[in-house]
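Report on one structure; see the data block that follows.
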Amino acid sequence: MSSNTESWGSRLGLVLAMAGNAVGFGNFLRFPVQAIQNGGGAFIIPYMVCFLLLGMPLLFVEWAMGRYGGQHGDHSTPFIFDRMGKHFIWKYIGVSGIFINIGVAAYYCYLESWTLGYLWYSITGAFSGQTAEGVNLIFTNYVGLSGNIPWVCWILCLAINTWILSRGLEDGVEVAAKIGMPLLILFGIFLAIRALTITAGSDGAINDGLVGANFLWKPDFSTIWTAKVWLAAAGQIFFTLAVGWGMIHAYAAYIKPNDDVVLNSLSAGWTNEFVEVVLGASIIIPISVGYLGIERVVELTQSGGLGLGFRTMPFLFQQWGPVLAVLAGVAWFGLLFFAGITSSLAMGTPWMGFMRDEFNWSRNKTALSFAAIIFILGLPTILFYNEGVFDEFDYWVGTVGLVLAGLLEIILFSWVFGLEKGWAEITRGADIKLPIFFKYVLKYVTPIIIIFVFIGSLPDIYDNLMHKSLYTKIAAATNPADIAALQTQMSYLNWSRLLLISVLLGICYLVFLANKKRMLKAK
Amino acid sequence: MDTSALIMMILSKGIIAGFTFYFFGKMLSMPVKKEEQEEEHNYPRGG
């Protein structure tokens, strides 16, 4: 019998933890960049359609699957899938729900530790008096592991996550969500107001904050008919709602059999949308355009939102005077830290549930083992950040893995488990009536959209698999030293793939052992 | 701001904020489920 008898302390705590699981760096750094690269304000149309036809249905499915597993004592996807699919292969497909979380947590905790480091720099005034190049150099040195701060913050971050996970759901994860989410929203509101009230000519601003808002929201409706924009919207929905990861199943596995999943999942899902569209879209772009102008921001966002968030924002805050610069730095990196930790805690929960269910491990032992895995797996992403190992993990686990897992889980739920039983699972104990329209969406529309997204991503997947961009760079390089460096980079990427495959096989082996144990017990 | 940008911004943020407050408020205002009340009745705190 599993020693895992945890439960959520309150409904509010559960919803905040689920919302916190979804709210992450992407809400503030990825969404605004996606919007300006895919039609500005017009991007919200495919984005909301994908939320309605892809995001919300997957939320219902994952909450219902988690609750279904939990009532049978299964708190992670391998045996939740196994119970629903009744074929041995499903438990191995369910390995994705542990593997993706471990693979993402390996680099995500490092990213999360940047926010701690930058919080420290903001408080101690490290950015004070720095030029834009100076602030940029601080980031380059940080990821180049200059000094002790990057290591100290990473270890501290792992320790905080381990400690909270070891305290369990009610006293650990739920408390963190109840503190983190309101503070995150508060910090977000403060920064959004400040961003939108920037006035040209004041504190060195060259544009009003509203020029940035205009740049982000000005719709280019011609883009709506391009497949690329729909792929970007669907990808953003997958990423932002944390569907396909296995975290939602793991959290929902601890709710009671007749507790609502419809209203709870809508509350958590819409809270994530609020943070992303209402707050996330009101911070980095208005501030950056206010001080740097549109052309420079377009240039900076070519490499994504991370650079803007860490290389540029601390410098821009300095324009607001010493006191406000510290406050804004604390608010921005504090907001990112809370967004990060509420997500990384959710990434630890599937592993916690699996090891406690199947091997009767104690909470402390399981939390420590999670930290040890993240430490070992995270080291290559830190040591070889500049060689692209971090991005390699992100691409295969945090992008391709999600879509594939999402596709398989909707097939399992709607076609293998059966939609009649599935619909009954979703609506059991529901506090609001779910329109029957969603039943057909679950059966046909959501799987078709995910297949479309997956097929649309295949050329990119193939190019990445074959290191196309690296080969192009090697072909264009003339200096033998550059060619050697690119070849070394390729070998690092291959080794990181091998490492990820080893982790995947290792988890499959644990599932095999757990299944053997279950069969022996059943005899 | 351009009118089209302003409309898109206000509409998007307004609709999303509206749904968020509606669902969140409804979730908070729901009474505790009967089975939980029964559990508390059967096993009173401190009892």
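Identifiers in this document derive from the order of the structure tokens: chains are assigned A, B, ..., residues are numbered from 1 separately in each chain, and ligands are numbered from 1 in order of occurrence.
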
Provide as a ChimeraX atom specification the residues of chain A at most 9 Å from chain B, counting only C-alpha atoms. /A:11-12,15,40-42,44,210-211,213-219,258-259,263-264,266-274,277-278,431

Could you save the residues just selected, with C-alpha atoms, as a PDB file, in the first residue's frame?
```
ATOM      1  CA  ARG A  11      -9.743  24.792  -3.086  1.00  0.00           C
ATOM      2  CA  LEU A  12      -8.158  28.227  -3.373  1.00  0.00           C
ATOM      3  CA  VAL A  15      -6.354  26.629  -7.999  1.00  0.00           C
ATOM      4  CA  GLY A  40       0.655  42.251 -33.242  1.00  0.00           C
ATOM      5  CA  GLY A  41      -2.871  42.643 -31.877  1.00  0.00           C
ATOM      6  CA  ALA A  42      -4.207  40.275 -34.553  1.00  0.00           C
ATOM      7  CA  ILE A  44      -4.773  37.437 -30.076  1.00  0.00           C
ATOM      8  CA  LEU A 210       1.859  53.767 -24.969  1.00  0.00           C
ATOM      9  CA  VAL A 211       3.957  53.767 -28.157  1.00  0.00           C
ATOM     10  CA  ALA A 213       1.634  49.215 -26.331  1.00  0.00           C
ATOM     11  CA  ASN A 214       0.603  50.495 -29.751  1.00  0.00           C
ATOM     12  CA  PHE A 215       3.477  48.597 -31.383  1.00  0.00           C
ATOM     13  CA  LEU A 216       2.402  45.365 -29.669  1.00  0.00           C
ATOM     14  CA  TRP A 217      -1.348  45.712 -30.187  1.00  0.00           C
ATOM     15  CA  LYS A 218      -1.544  47.268 -33.660  1.00  0.00           C
ATOM     16  CA  PRO A 219      -3.241  44.458 -35.617  1.00  0.00           C
ATOM     17  CA  ASN A 258     -16.299  14.149  -6.542  1.00  0.00           C
ATOM     18  CA  ASP A 259     -14.492  17.476  -6.468  1.00  0.00           C
ATOM     19  CA  LEU A 263     -14.722  25.337 -12.736  1.00  0.00           C
ATOM     20  CA  ASN A 264     -11.344  24.775 -11.084  1.00  0.00           C
ATOM     21  CA  LEU A 266     -11.285  27.289 -15.922  1.00  0.00           C
ATOM     22  CA  SER A 267     -10.311  29.443 -12.924  1.00  0.00           C
ATOM     23  CA  ALA A 268      -6.671  28.341 -13.122  1.00  0.00           C
ATOM     24  CA  GLY A 269      -6.546  28.570 -16.934  1.00  0.00           C
ATOM     25  CA  TRP A 270      -8.069  32.040 -17.120  1.00  0.00           C
ATOM     26  CA  THR A 271      -5.824  33.271 -14.287  1.00  0.00           C
ATOM     27  CA  ASN A 272      -2.880  32.254 -16.427  1.00  0.00           C
ATOM     28  CA  GLU A 273      -4.367  34.166 -19.380  1.00  0.00           C
ATOM     29  CA  PHE A 274      -4.866  37.215 -17.176  1.00  0.00           C
ATOM     30  CA  VAL A 277      -2.232  39.023 -21.717  1.00  0.00           C
ATOM     31  CA  VAL A 278      -3.240  41.670 -19.184  1.00  0.00           C
ATOM     32  CA  ASP A 431     -19.911  23.170 -10.269  1.00  0.00           C
TER      33      ASP A 431
END
```

Write out as a PyMOL selection string each polymer residue whose atoms come within 10 Å of A:Tyr142, counting only C-alpha atoms; drop sequence neighbours fewer than 6 positions from it. chain A and resi 114+117-118+136+148-151
